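Novice: Take a look at target.cif, mmCIF, C-alpha atoms:
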```
data_entry
#
loop_
_atom_site.label_atom_id
_atom_site.label_comp_id
_atom_site.auth_asym_id
_atom_site.auth_seq_id
_atom_site.Cartn_x
_atom_site.Cartn_y
_atom_site.Cartn_z
CA MET A 1 0.00 0.00 0.00
CA LYS A 2 2.83 2.42 0.86
CA LEU A 3 4.51 1.62 -2.47
CA ILE A 4 1.32 2.35 -4.39
CA ARG A 5 0.93 5.67 -2.59
CA PHE A 6 4.53 6.56 -3.38
CA LEU A 7 3.97 5.78 -7.05
CA LEU A 8 0.97 8.13 -7.02
CA PHE A 9 3.17 11.05 -5.94
CA PRO A 10 2.84 12.88 -9.32
CA PHE A 11 -0.94 12.94 -8.86
CA ALA A 12 -0.46 14.46 -5.39
CA ILE A 13 1.52 17.31 -6.99
CA ILE A 14 -1.34 17.92 -9.45
CA TYR A 15 -3.86 17.75 -6.61
CA ASP A 16 -1.77 20.24 -4.62
CA PHE A 17 -1.76 22.67 -7.55
CA ILE A 18 -5.53 22.41 -7.99
CA THR A 19 -6.36 22.91 -4.30
CA ARG A 20 -3.88 25.80 -3.92
CA LEU A 21 -5.32 27.50 -6.99
CA ARG A 22 -8.85 27.05 -5.63
CA ASN A 23 -7.89 28.52 -2.25
CA PHE A 24 -6.08 31.41 -3.95
CA LEU A 25 -9.20 32.23 -5.99
CA PHE A 26 -11.30 32.30 -2.82
CA ASP A 27 -8.69 34.23 -0.83
CA THR A 28 -8.56 36.94 -3.52
CA ASN A 29 -12.38 37.02 -3.95
CA ILE A 30 -12.20 35.91 -7.58
CA LEU A 31 -14.40 33.05 -6.42
CA LYS A 32 -17.05 34.39 -4.08
CA SER A 33 -17.77 33.25 -0.54
CA THR A 34 -21.09 34.02 1.15
CA SER A 35 -21.08 35.49 4.65
CA PHE A 36 -24.05 35.58 7.00
CA ASP A 37 -25.18 38.00 9.69
CA ILE A 38 -25.41 35.30 12.36
CA PRO A 39 -22.56 33.37 14.02
CA VAL A 40 -21.41 30.46 11.84
CA ILE A 41 -18.85 28.06 13.33
CA ALA A 42 -17.19 25.57 10.97
CA VAL A 43 -15.62 22.40 12.36
CA GLY A 44 -13.38 20.30 10.15
CA ASN A 45 -9.92 18.99 9.38
CA LEU A 46 -7.23 18.88 6.73
CA THR A 47 -7.09 15.10 6.65
CA VAL A 48 -9.56 12.45 5.52
CA GLY A 49 -11.73 11.25 8.42
CA GLY A 50 -11.08 10.05 11.94
CA THR A 51 -10.18 13.24 13.82
CA GLY A 52 -13.25 13.36 16.09
CA LYS A 53 -15.52 15.90 14.40
CA THR A 54 -18.70 14.35 15.78
CA PRO A 55 -17.79 14.57 19.51
CA GLN A 56 -16.49 18.10 18.91
CA ILE A 57 -19.80 19.18 17.33
CA GLU A 58 -21.61 17.58 20.27
CA TYR A 59 -19.37 19.46 22.69
CA LEU A 60 -20.36 22.74 21.03
CA ILE A 61 -24.04 21.77 21.10
CA ARG A 62 -23.87 21.14 24.85
CA LEU A 63 -21.99 24.38 25.35
CA LEU A 64 -24.46 26.55 23.42
CA LYS A 65 -27.92 24.98 23.29
CA ASP A 66 -29.22 26.33 26.60
CA GLN A 67 -28.26 29.88 25.72
CA TYR A 68 -28.86 30.07 21.97
CA LYS A 69 -31.13 28.62 19.32
CA VAL A 70 -28.65 26.25 17.67
CA ALA A 71 -28.81 24.62 14.24
CA VAL A 72 -26.38 22.03 12.88
CA LEU A 73 -25.82 21.75 9.13
CA SER A 74 -24.09 18.75 7.59
CA ARG A 75 -23.65 17.34 4.12
CA GLY A 76 -25.37 14.09 5.10
CA TYR A 77 -22.67 11.78 3.77
CA LYS A 78 -23.92 8.66 1.90
CA ARG A 79 -27.60 9.62 2.24
CA LYS A 80 -30.01 8.58 -0.50
CA THR A 81 -31.90 11.89 -0.63
CA LYS A 82 -30.87 15.05 -2.46
CA GLY A 83 -30.95 18.75 -1.64
CA PHE A 84 -31.97 20.33 1.64
CA GLN A 85 -33.55 18.18 4.35
CA LEU A 86 -34.63 19.49 7.74
CA ILE A 87 -34.51 16.38 9.91
CA ASN A 88 -37.62 15.21 11.72
CA LYS A 89 -38.55 12.11 13.72
CA ASN A 90 -39.67 10.25 10.59
CA HIS A 91 -36.24 10.33 8.96
CA ILE A 92 -33.91 7.33 9.01
CA ALA A 93 -30.14 7.26 8.54
CA GLU A 94 -30.45 6.38 4.86
CA ASP A 95 -32.41 9.62 4.35
CA VAL A 96 -30.08 12.08 6.06
CA GLY A 97 -26.87 10.32 7.10
CA ASP A 98 -25.90 8.69 10.39
CA GLU A 99 -24.18 11.57 12.19
CA PRO A 100 -26.88 14.22 11.51
CA LEU A 101 -29.55 11.77 12.69
CA GLN A 102 -27.45 11.10 15.78
CA PHE A 103 -27.37 14.83 16.60
CA PHE A 104 -31.12 15.13 16.09
CA SER A 105 -31.94 12.05 18.20
CA LYS A 106 -29.58 12.97 21.01
CA PHE A 107 -30.32 16.63 21.67
CA ASP A 108 -33.64 18.33 22.31
CA GLY A 109 -34.22 21.91 21.29
CA ILE A 110 -31.84 22.07 18.32
CA ASP A 111 -32.47 21.91 14.58
CA VAL A 112 -30.43 19.63 12.33
CA ALA A 113 -30.38 19.80 8.54
CA VAL A 114 -28.40 18.37 5.64
CA ASP A 115 -27.45 19.98 2.36
CA ALA A 116 -24.38 19.46 0.17
CA ASP A 117 -24.70 23.15 -0.76
CA ARG A 118 -23.94 24.74 2.60
CA THR A 119 -24.83 28.24 1.35
CA ASN A 120 -28.29 27.09 0.38
CA GLY A 121 -28.53 25.06 3.60
CA ILE A 122 -27.91 28.11 5.80
CA LYS A 123 -30.38 30.18 3.78
CA GLU A 124 -33.03 27.47 4.22
CA LEU A 125 -32.35 27.27 7.96
CA LEU A 126 -32.70 31.04 8.29
CA SER A 127 -35.96 30.93 6.39
CA ARG A 128 -37.49 27.96 8.19
CA VAL A 129 -36.23 27.95 11.79
CA ASN A 130 -34.29 31.23 12.20
CA PRO A 131 -31.36 29.93 14.32
CA GLU A 132 -29.09 32.19 16.36
CA VAL A 133 -25.98 30.05 15.81
CA VAL A 134 -25.15 27.62 12.98
CA LEU A 135 -22.61 24.81 13.44
CA LEU A 136 -21.16 23.54 10.15
CA ASP A 137 -20.11 19.91 10.38
CA ASP A 138 -17.09 18.91 8.26
CA ALA A 139 -17.02 22.16 6.27
CA TYR A 140 -13.42 23.36 6.56
CA GLN A 141 -12.88 23.05 2.79
CA HIS A 142 -16.34 24.37 1.88
CA ARG A 143 -15.09 27.80 0.83
CA LYS A 144 -18.37 28.93 -0.75
CA VAL A 145 -19.48 29.76 2.80
CA LYS A 146 -17.29 32.13 4.75
CA ALA A 147 -17.78 31.05 8.33
CA GLY A 148 -17.13 33.57 11.06
CA PHE A 149 -15.11 31.09 13.12
CA TYR A 150 -13.08 28.00 12.15
CA ILE A 151 -12.12 25.09 14.39
CA LEU A 152 -9.50 22.77 12.88
CA LEU A 153 -9.02 19.28 14.32
CA THR A 154 -5.87 17.18 14.02
CA LYS A 155 -5.29 13.80 15.62
CA TYR A 156 -2.51 13.42 18.20
CA ASN A 157 -0.79 10.46 16.54
CA ASP A 158 -1.42 11.74 12.99
CA LEU A 159 -0.74 15.49 12.99
CA PHE A 160 -1.42 17.22 9.69
CA VAL A 161 2.12 18.64 9.67
CA ASN A 162 3.44 15.07 9.36
CA ASP A 163 1.16 14.19 6.44
CA PHE A 164 1.12 14.72 2.68
CA LEU A 165 -1.56 15.40 0.11
CA LEU A 166 -3.85 12.82 -1.41
CA PRO A 167 -3.35 10.29 -2.87
CA THR A 168 0.19 9.89 -1.47
CA GLY A 169 -0.96 10.98 1.99
CA ASN A 170 -4.31 11.83 3.60
CA LEU A 171 -4.42 15.63 3.33
CA ARG A 172 -7.43 17.17 1.59
CA GLU A 173 -5.47 20.38 1.00
CA SER A 174 -2.05 21.84 1.72
CA LYS A 175 -0.92 22.29 5.32
CA ARG A 176 -1.10 26.02 4.61
CA GLY A 177 -4.87 25.72 4.91
CA ALA A 178 -4.40 25.63 8.68
CA LYS A 179 -3.89 29.39 8.62
CA ARG A 180 -7.68 29.85 8.23
CA ALA A 181 -8.32 28.32 11.66
CA ASN A 182 -9.12 30.45 14.68
CA ILE A 183 -8.66 27.42 16.93
CA ILE A 184 -6.68 24.22 16.41
CA ILE A 185 -7.51 21.22 18.58
CA VAL A 186 -5.23 18.21 18.89
CA THR A 187 -7.69 15.35 19.45
CA LYS A 188 -7.54 11.80 20.78
CA CYS A 189 -4.61 12.58 23.06
CA PRO A 190 -3.38 10.14 25.73
CA ASP A 191 -4.62 10.81 29.26
CA ASP A 192 -1.12 11.48 30.56
CA LEU A 193 -0.02 13.99 27.91
CA SER A 194 2.67 16.16 29.49
CA GLU A 195 3.09 19.93 29.27
CA ASP A 196 6.45 19.39 27.57
CA LYS A 197 4.81 17.28 24.86
CA MET A 198 2.10 19.90 24.37
CA GLN A 199 4.76 22.57 23.90
CA SER A 200 6.62 20.33 21.45
CA ILE A 201 3.48 19.86 19.36
CA GLU A 202 2.73 23.58 19.49
CA MET A 203 6.18 24.29 18.03
CA LYS A 204 5.56 21.77 15.23
CA LEU A 205 2.22 23.31 14.32
CA LYS A 206 3.70 26.83 14.03
CA LEU A 207 0.57 28.74 15.03
CA SER A 208 0.06 32.38 14.21
CA GLU A 209 -0.34 34.91 17.01
CA LYS A 210 -4.11 34.96 16.49
CA GLN A 211 -4.56 31.18 16.78
CA GLN A 212 -5.33 29.25 19.95
CA LEU A 213 -4.26 25.63 20.56
CA TYR A 214 -6.08 23.07 22.72
CA PHE A 215 -5.69 19.37 23.51
CA THR A 216 -8.55 16.94 24.04
CA LYS A 217 -9.02 13.26 24.74
CA ILE A 218 -11.87 10.84 24.12
CA GLU A 219 -13.76 9.62 27.18
CA TYR A 220 -16.15 6.67 27.14
CA ASN A 221 -19.23 6.28 29.31
CA LYS A 222 -19.08 3.31 31.64
CA GLU A 223 -22.65 2.31 30.86
CA LEU A 224 -23.70 0.81 27.54
CA LYS A 225 -26.82 2.34 26.00
CA GLY A 226 -29.40 0.10 24.38
CA GLU A 227 -32.34 -2.06 25.38
CA ASN A 228 -31.26 -2.38 29.02
CA LYS A 229 -28.68 -0.88 31.37
CA VAL A 230 -25.36 -2.68 31.08
CA VAL A 231 -22.17 -1.57 32.82
CA LEU A 232 -19.15 -2.31 30.64
CA GLU A 233 -16.97 -3.53 33.48
CA ASP A 234 -19.66 -6.05 34.48
CA ILE A 235 -19.38 -7.84 31.14
CA ASN A 236 -17.46 -11.09 31.58
CA GLU A 237 -18.45 -12.81 28.36
CA GLU A 238 -17.54 -12.50 24.70
CA ILE A 239 -19.37 -9.90 22.61
CA VAL A 240 -19.55 -8.91 18.95
CA LEU A 241 -18.10 -5.51 18.06
CA VAL A 242 -19.34 -3.84 14.87
CA THR A 243 -17.69 -0.64 13.63
CA GLY A 244 -18.32 1.49 10.56
CA ILE A 245 -15.99 4.39 11.38
CA ALA A 246 -12.77 5.68 9.81
CA ASN A 247 -10.49 4.57 12.63
CA PRO A 248 -11.74 2.29 15.43
CA SER A 249 -8.31 1.91 17.06
CA SER A 250 -9.19 4.07 20.10
CA LEU A 251 -12.27 1.96 20.82
CA LEU A 252 -10.35 -1.29 20.40
CA LYS A 253 -7.65 -0.08 22.76
CA TYR A 254 -10.24 0.97 25.33
CA LEU A 255 -12.11 -2.38 25.25
CA LYS A 256 -8.84 -4.29 25.57
CA SER A 257 -7.90 -2.15 28.57
CA LYS A 258 -11.17 -3.24 30.19
CA LYS A 259 -10.39 -6.91 29.43
CA ILE A 260 -13.44 -7.24 27.15
CA SER A 261 -13.34 -10.25 24.82
CA PHE A 262 -14.82 -9.50 21.41
CA THR A 263 -15.06 -10.54 17.78
CA HIS A 264 -14.60 -7.44 15.63
CA LEU A 265 -16.46 -6.87 12.37
CA LYS A 266 -14.90 -3.82 10.73
CA TYR A 267 -16.70 -1.92 7.96
CA PRO A 268 -15.82 1.30 6.07
CA ASP A 269 -16.73 4.72 7.45
CA HIS A 270 -20.46 5.58 7.11
CA HIS A 271 -21.15 2.05 5.88
CA ASN A 272 -24.67 1.30 4.68
CA PHE A 273 -25.29 -2.15 6.15
CA SER A 274 -26.72 -4.55 3.58
CA GLU A 275 -29.01 -7.48 4.26
CA GLN A 276 -25.99 -9.78 3.88
CA ASP A 277 -24.09 -7.72 6.48
CA ILE A 278 -26.97 -8.06 8.93
CA ILE A 279 -27.15 -11.81 8.37
CA LYS A 280 -23.41 -12.14 8.97
CA ILE A 281 -23.60 -10.12 12.21
CA GLN A 282 -26.53 -12.20 13.44
CA GLU A 283 -24.76 -15.46 12.58
CA ILE A 284 -21.70 -14.50 14.61
CA GLN A 285 -23.96 -13.20 17.39
CA ASN A 286 -25.81 -16.52 17.56
CA LYS A 287 -22.54 -18.45 17.74
CA LEU A 288 -21.55 -16.68 20.93
CA LYS A 289 -21.48 -18.99 23.92
CA SER A 290 -22.42 -16.08 26.15
CA LYS A 291 -25.86 -15.72 27.69
CA ASN A 292 -26.71 -12.17 26.59
CA LYS A 293 -25.16 -12.28 23.09
CA ILE A 294 -24.39 -8.55 23.12
CA VAL A 295 -23.58 -6.68 19.92
CA LEU A 296 -21.66 -3.50 20.67
CA THR A 297 -21.32 -0.76 18.07
CA THR A 298 -20.50 2.93 17.76
CA GLU A 299 -23.14 5.57 18.37
CA LYS A 300 -23.45 6.57 14.72
CA ASP A 301 -23.64 2.91 13.60
CA PHE A 302 -26.33 2.35 16.22
CA VAL A 303 -28.72 4.67 14.35
CA ARG A 304 -28.31 2.45 11.28
CA LEU A 305 -28.59 -0.90 13.07
CA LYS A 306 -31.02 -0.38 15.95
CA GLU A 307 -34.07 -1.74 14.13
CA LYS A 308 -32.17 -4.67 12.64
CA ILE A 309 -30.14 -6.28 15.45
CA ASP A 310 -31.33 -7.57 18.83
CA ASN A 311 -29.31 -6.92 22.00
CA LEU A 312 -27.61 -3.98 20.32
CA TYR A 313 -25.71 -1.41 22.43
CA PHE A 314 -23.33 1.48 21.94
CA LEU A 315 -20.72 3.26 24.06
CA GLU A 316 -21.31 6.99 24.20
CA ILE A 317 -18.16 9.09 23.87
CA HIS A 318 -17.40 12.74 24.47
CA ASN A 319 -14.50 15.15 24.24
CA SER A 320 -12.67 16.16 27.39
CA PHE A 321 -10.19 19.04 27.41
CA LEU A 322 -6.73 18.40 28.79
CA ASN A 323 -5.89 22.09 29.01
CA ARG A 324 -7.53 25.53 29.08
CA GLN A 325 -11.15 24.43 28.83
CA LYS A 326 -12.40 27.76 30.21
CA SER A 327 -10.33 29.59 27.60
CA PHE A 328 -12.00 27.60 24.82
CA THR A 329 -15.46 28.49 26.16
CA THR A 330 -14.44 32.14 26.41
CA GLU A 331 -13.21 32.19 22.80
CA ILE A 332 -16.48 30.72 21.49
CA GLN A 333 -18.66 33.01 23.59
CA LYS A 334 -16.57 36.04 22.61
CA TYR A 335 -17.03 35.27 18.92
CA ILE A 336 -20.80 34.80 19.23
CA ALA A 337 -21.17 37.98 21.26
CA SER A 338 -19.23 39.95 18.63
#
```
Take the structure in the file and write it out as structure tokens.
Specialist:
Amino acid sequence: MKLIRFLLFPFAIIYDFITRLRNFLFDTNILKSTSFDIPVIAVGNLTVGGTGKTPQIEYLIRLLKDQYKVAVLSRGYKRKTKGFQLINKNHIAEDVGDEPLQFFSKFDGIDVAVDADRTNGIKELLSRVNPEVVLLDDAYQHRKVKAGFYILLTKYNDLFVNDFLLPTGNLRESKRGAKRANIIIVTKCPDDLSEDKMQSIEMKLKLSEKQQLYFTKIEYNKELKGENKVVLEDINEEIVLVTGIANPSSLLKYLKSKKISFTHLKYPDHHNFSEQDIIKIQEIQNKLKSKNKIVLTTEKDFVRLKEKIDNLYFLEIHNSFLNRQKSFTTEIQKYIAS
């Protein structure tokens, strides 16, 4: 695989030229970006998948929903519908995408919509629900909207400064794109990350004076959510683990640390589970010698599988700041107030 990526290096140079030209055209207003009169916060990354956008969006929802009328706008990756969709209780994941449906199902009092055209999506939200704050999910490269505030995520063990452009590496655009960020968050950090290591990473990232840097880790709830209450540490039998996310390594590491025995079925990110997939999961589930025959999955896969698999559970995750949490809140509140 590494050899193939190396051989594709000439295509990465072409891709770099195209993305730099596109950004230049937007930066010089030759290509137009649309701004809005309400706070618009874009969350995204420079790399392909797996940096923790979903828990970061959820963190912002929790932070803002009691004070402001919040709307979340996403593309709705791999959905079967087209155009703008304002999510309601009748939608399923195939209609609007797994992550947007997760936001809608999880939080009361917010509006969630999907539209590949983010400019049109914001206009529709303003017309239909009149939000006070819009959170743009995975929209860092969507230059047709000029967000008022950009949050860039980069994973601790896969920093964007150590990567290269597609298809040789995993970067969606040049590392120079990081300059658009107001805040950079290093995600999925180890619990014991030292101050010295934080300072070392800060030097690597070469932030501007106007940028703020934060470090977060993933925390898992101790209780599984599903049909019944199940405490993870009480499980002493084998389970089936089903994942359809970009990088399940953090979850695997966590389950192993808790001495959980599991058979792992790994699927691509945002996987649409077919009838054959369901049959395979059920077959392995039925072969378990355990009494409860638990199938554990991720929260966004749960919204796809919950009507199809019995004894299905998920582990809820959330972001936890390792440093300067109050400063992050202050920066967000200051932007909205301005």
Novice: Residue by residue, what does the PyMOL selection byres ((chain A and resi 249) around 12) grab here? Present the result as a PyMOL selection string.
Specialist: chain A and resi 50-51+157+188+218+243-248+250-256+264+266
Novice: Run the PyMOL selection byres ((chain A and resi 321-333) around 7) mentally over the shown coordinates, then write out the matched residues as a short mmCIF file (atom, residue, chain, number, x, y, z; two decimals) with C-alpha atoms, keeping the file's coordinate frame, using the chain letters and numbers from the document.
Specialist:
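As written to disk, expr_12.cif reads:
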```
data_model
loop_
_atom_site.label_atom_id
_atom_site.label_comp_id
_atom_site.auth_asym_id
_atom_site.auth_seq_id
_atom_site.Cartn_x
_atom_site.Cartn_y
_atom_site.Cartn_z
CA TYR A 214 -6.08 23.07 22.72
CA PHE A 215 -5.69 19.37 23.51
CA THR A 216 -8.55 16.94 24.04
CA LYS A 217 -9.02 13.26 24.74
CA ASN A 319 -14.50 15.15 24.24
CA SER A 320 -12.67 16.16 27.39
CA LYS A 334 -16.57 36.04 22.61
CA TYR A 335 -17.03 35.27 18.92
CA ILE A 336 -20.80 34.80 19.23
CA ALA A 337 -21.17 37.98 21.26
#
```
Novice: Per residue of segment 255-312 of chain A within 9 Å of segment 102-114 of chain A, record the nearest atom pair and its distance in Å to one decimal, counting only C-alpha atoms, with rows in chain order and ascending residue number, as CSV.
Specialist:
```
residue,atom,partner,partner_atom,distance
A:Glu299,CA,A:Gln102,CA,7.5
A:Lys300,CA,A:Gln102,CA,6.1
A:Phe302,CA,A:Gln102,CA,8.8
A:Val303,CA,A:Gln102,CA,6.7
```
Novice: Check what the PyMOL selection byres ((chain A and resi 142) around 10) selects in the file above and give those residues as a PDB file with C-alpha atoms, in the coordinates of the input.
Specialist:
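part13.pdb was written with the following content:
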```
ATOM      1  CA  SER A  33     -17.770  33.250  -0.540  1.00  0.00           C
ATOM      2  CA  ALA A  42     -17.190  25.570  10.970  1.00  0.00           C
ATOM      3  CA  GLY A  44     -13.380  20.300  10.150  1.00  0.00           C
ATOM      4  CA  ALA A 116     -24.380  19.460   0.170  1.00  0.00           C
ATOM      5  CA  ASP A 117     -24.700  23.150  -0.760  1.00  0.00           C
ATOM      6  CA  ARG A 118     -23.940  24.740   2.600  1.00  0.00           C
ATOM      7  CA  THR A 119     -24.830  28.240   1.350  1.00  0.00           C
ATOM      8  CA  LEU A 136     -21.160  23.540  10.150  1.00  0.00           C
ATOM      9  CA  ASP A 138     -17.090  18.910   8.260  1.00  0.00           C
ATOM     10  CA  ALA A 139     -17.020  22.160   6.270  1.00  0.00           C
ATOM     11  CA  TYR A 140     -13.420  23.360   6.560  1.00  0.00           C
ATOM     12  CA  GLN A 141     -12.880  23.050   2.790  1.00  0.00           C
ATOM     13  CA  ARG A 143     -15.090  27.800   0.830  1.00  0.00           C
ATOM     14  CA  LYS A 144     -18.370  28.930  -0.750  1.00  0.00           C
ATOM     15  CA  VAL A 145     -19.480  29.760   2.800  1.00  0.00           C
ATOM     16  CA  LYS A 146     -17.290  32.130   4.750  1.00  0.00           C
ATOM     17  CA  ALA A 147     -17.780  31.050   8.330  1.00  0.00           C
TER      18      ALA A 147
END
```
Novice: With distances taken over all atoms listed in the file, which of A:Ile38, A:Leu7, A:Val161, A:Met203 is nearest to Lys123 of chain A?
Specialist: A:Ile38
Novice: Any idea what the distance is between atom CA of Arg128 of chain A and atom CA of Gly83 of chain A?
Specialist: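 About the pair atom CA of Arg128 of chain A and atom CA of Gly83 of chain A: they are 15.0 Å apart.
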Novice: So that I can check the surroundings of Phe84 of chain A, please list as a VMD selection string every protein, DNA and RNA residue that reaches within 7 Å of it, counting all atoms listed in the file and ignoring chain neighbours fewer than 2 positions away.
Specialist: chain A and resid 82 86 114 to 115 121
Novice: So, counting only C-alpha atoms, which residue among A:Leu159, A:Leu46, A:Ile122, A:Ile260 is closest to Thr19 of chain A?
Specialist: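 Using only C-alpha atoms, Thr19 of chain A sits closest to A:Leu46.
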Novice: Could you pull the residues within 12 Å of segment 273-288 of chain A, counting all atoms listed in the file, minus those fewer than 3 positions along the same chain, as an NGL selection string?
Specialist: :A and (78 or 93-94 or 98 or 237-244 or 261-270 or 291-297 or 301-312)
Novice: Give as a JSON list (two decimals) with C-alpha atoms, keeping the file's coordinate frame each residue that has an atom at most 9 Å from (-21.2, 3.3, 23.1) in the file, counting all atoms listed in the file.
Specialist:
```json
[["chain", "number", "residue", "atom", "x", "y", "z"],
["A", 220, "TYR", "CA", -16.15, 6.67, 27.14],
["A", 221, "ASN", "CA", -19.23, 6.28, 29.31],
["A", 222, "LYS", "CA", -19.08, 3.31, 31.64],
["A", 223, "GLU", "CA", -22.65, 2.31, 30.86],
["A", 224, "LEU", "CA", -23.70, 0.81, 27.54],
["A", 225, "LYS", "CA", -26.82, 2.34, 26.00],
["A", 226, "GLY", "CA", -29.40, 0.10, 24.38],
["A", 296, "LEU", "CA", -21.66, -3.50, 20.67],
["A", 297, "THR", "CA", -21.32, -0.76, 18.07],
["A", 298, "THR", "CA", -20.50, 2.93, 17.76],
["A", 299, "GLU", "CA", -23.14, 5.57, 18.37],
["A", 302, "PHE", "CA", -26.33, 2.35, 16.22],
["A", 313, "TYR", "CA", -25.71, -1.41, 22.43],
["A", 314, "PHE", "CA", -23.33, 1.48, 21.94],
["A", 315, "LEU", "CA", -20.72, 3.26, 24.06],
["A", 316, "GLU", "CA", -21.31, 6.99, 24.20],
["A", 317, "ILE", "CA", -18.16, 9.09, 23.87]]
```
Novice: Tell me, in Å to one decimal, how far atom CA of Leu125 of chain A is from atom CA of Ala178 of chain A.
Specialist: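 We find that atom CA of Leu125 of chain A and atom CA of Ala178 of chain A lie 28.0 Å from each other.
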Novice: Of the candidates A:Glu233, A:Lys65, A:Phe160, A:Leu101, which shows the shortest atom-to-atom distance to Lys206 of chain A, using only C-alpha atoms?
Specialist: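 Smallest distance to Lys206 of chain A is found for A:Phe160.
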Novice: Extract, using all atoms listed in the file, all DNA, RNA and protein residues at most 12 Å from Ser208 of chain A, discarding same-chain residues fewer than 5 positions from it, and format them as a ChimeraX atom specification.
Specialist: /A:176,178-184,202-203,213
Novice: Grab the atom CA of Val133 of chain A to atom CA of His91 of chain A distance for me, in Å with one decimal place.
Specialist: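 Separation between atom CA of Val133 of chain A and atom CA of His91 of chain A: 23.3 Å.
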Novice: At a cut-off of 8 Å from (-0.7, 21.6, 1.5) in the coordinates of the file, what residues are picked up using all atoms listed in the file, written as a count of residues only?
Specialist: 10
Novice: Which is closest to Asn272 of chain A among A:Asp137, A:Lys229, A:Arg79, A:Lys89, if we use all atoms listed in the file?
Specialist: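 The closest residue to Asn272 of chain A is A:Arg79.
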Novice: Between A:Asn130, A:Ser200, A:Gln211, A:Asn228, which residue has the minimum interatomic distance to Lys69 of chain A, considering all atoms listed in the file?
Specialist: A:Asn130
Novice: When you get a chance, write out N, CA, C and O atoms for segment 190-202 of chain A, as a PDB file, in the frame of the given file.
Specialist:
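Once written, part-v6.pdb looks like this:
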```pdb
ATOM      1  N   PRO A 190      -3.442  11.041  24.562  1.00  0.00           N
ATOM      2  CA  PRO A 190      -3.380  10.140  25.730  1.00  0.00           C
ATOM      3  C   PRO A 190      -3.716  10.903  27.005  1.00  0.00           C
ATOM      4  O   PRO A 190      -3.521  12.121  27.094  1.00  0.00           O
ATOM      5  N   ASP A 191      -4.214  10.188  27.994  1.00  0.00           N
ATOM      6  CA  ASP A 191      -4.620  10.810  29.260  1.00  0.00           C
ATOM      7  C   ASP A 191      -3.456  11.519  29.953  1.00  0.00           C
ATOM      8  O   ASP A 191      -3.652  12.535  30.626  1.00  0.00           O
ATOM      9  N   ASP A 192      -2.262  10.976  29.803  1.00  0.00           N
ATOM     10  CA  ASP A 192      -1.120  11.480  30.560  1.00  0.00           C
ATOM     11  C   ASP A 192      -0.233  12.412  29.731  1.00  0.00           C
ATOM     12  O   ASP A 192       0.972  12.515  29.974  1.00  0.00           O
ATOM     13  N   LEU A 193      -0.808  13.089  28.761  1.00  0.00           N
ATOM     14  CA  LEU A 193      -0.020  13.990  27.910  1.00  0.00           C
ATOM     15  C   LEU A 193       0.622  15.082  28.760  1.00  0.00           C
ATOM     16  O   LEU A 193      -0.066  15.801  29.489  1.00  0.00           O
ATOM     17  N   SER A 194       1.933  15.222  28.646  1.00  0.00           N
ATOM     18  CA  SER A 194       2.670  16.160  29.490  1.00  0.00           C
ATOM     19  C   SER A 194       2.676  17.563  28.887  1.00  0.00           C
ATOM     20  O   SER A 194       2.459  17.754  27.690  1.00  0.00           O
ATOM     21  N   GLU A 195       2.959  18.551  29.731  1.00  0.00           N
ATOM     22  CA  GLU A 195       3.090  19.930  29.270  1.00  0.00           C
ATOM     23  C   GLU A 195       4.225  20.061  28.265  1.00  0.00           C
ATOM     24  O   GLU A 195       4.124  20.813  27.296  1.00  0.00           O
ATOM     25  N   ASP A 196       5.313  19.339  28.492  1.00  0.00           N
ATOM     26  CA  ASP A 196       6.450  19.390  27.570  1.00  0.00           C
ATOM     27  C   ASP A 196       6.047  18.898  26.182  1.00  0.00           C
ATOM     28  O   ASP A 196       6.448  19.477  25.166  1.00  0.00           O
ATOM     29  N   LYS A 197       5.260  17.823  26.141  1.00  0.00           N
ATOM     30  CA  LYS A 197       4.810  17.280  24.860  1.00  0.00           C
ATOM     31  C   LYS A 197       3.859  18.254  24.170  1.00  0.00           C
ATOM     32  O   LYS A 197       3.907  18.434  22.943  1.00  0.00           O
ATOM     33  N   MET A 198       2.990  18.893  24.946  1.00  0.00           N
ATOM     34  CA  MET A 198       2.100  19.900  24.370  1.00  0.00           C
ATOM     35  C   MET A 198       2.896  21.032  23.728  1.00  0.00           C
ATOM     36  O   MET A 198       2.580  21.468  22.619  1.00  0.00           O
ATOM     37  N   GLN A 199       3.929  21.482  24.424  1.00  0.00           N
ATOM     38  CA  GLN A 199       4.760  22.570  23.900  1.00  0.00           C
ATOM     39  C   GLN A 199       5.504  22.124  22.645  1.00  0.00           C
ATOM     40  O   GLN A 199       5.665  22.907  21.694  1.00  0.00           O
ATOM     41  N   SER A 200       5.928  20.864  22.622  1.00  0.00           N
ATOM     42  CA  SER A 200       6.620  20.330  21.450  1.00  0.00           C
ATOM     43  C   SER A 200       5.692  20.303  20.235  1.00  0.00           C
ATOM     44  O   SER A 200       6.093  20.674  19.124  1.00  0.00           O
ATOM     45  N   ILE A 201       4.453  19.888  20.450  1.00  0.00           N
ATOM     46  CA  ILE A 201       3.480  19.860  19.360  1.00  0.00           C
ATOM     47  C   ILE A 201       3.152  21.271  18.894  1.00  0.00           C
ATOM     48  O   ILE A 201       3.026  21.539  17.686  1.00  0.00           O
ATOM     49  N   GLU A 202       3.023  22.189  19.844  1.00  0.00           N
ATOM     50  CA  GLU A 202       2.730  23.580  19.490  1.00  0.00           C
ATOM     51  C   GLU A 202       3.829  24.159  18.591  1.00  0.00           C
ATOM     52  O   GLU A 202       3.548  24.879  17.629  1.00  0.00           O
TER      53      GLU A 202
END
```
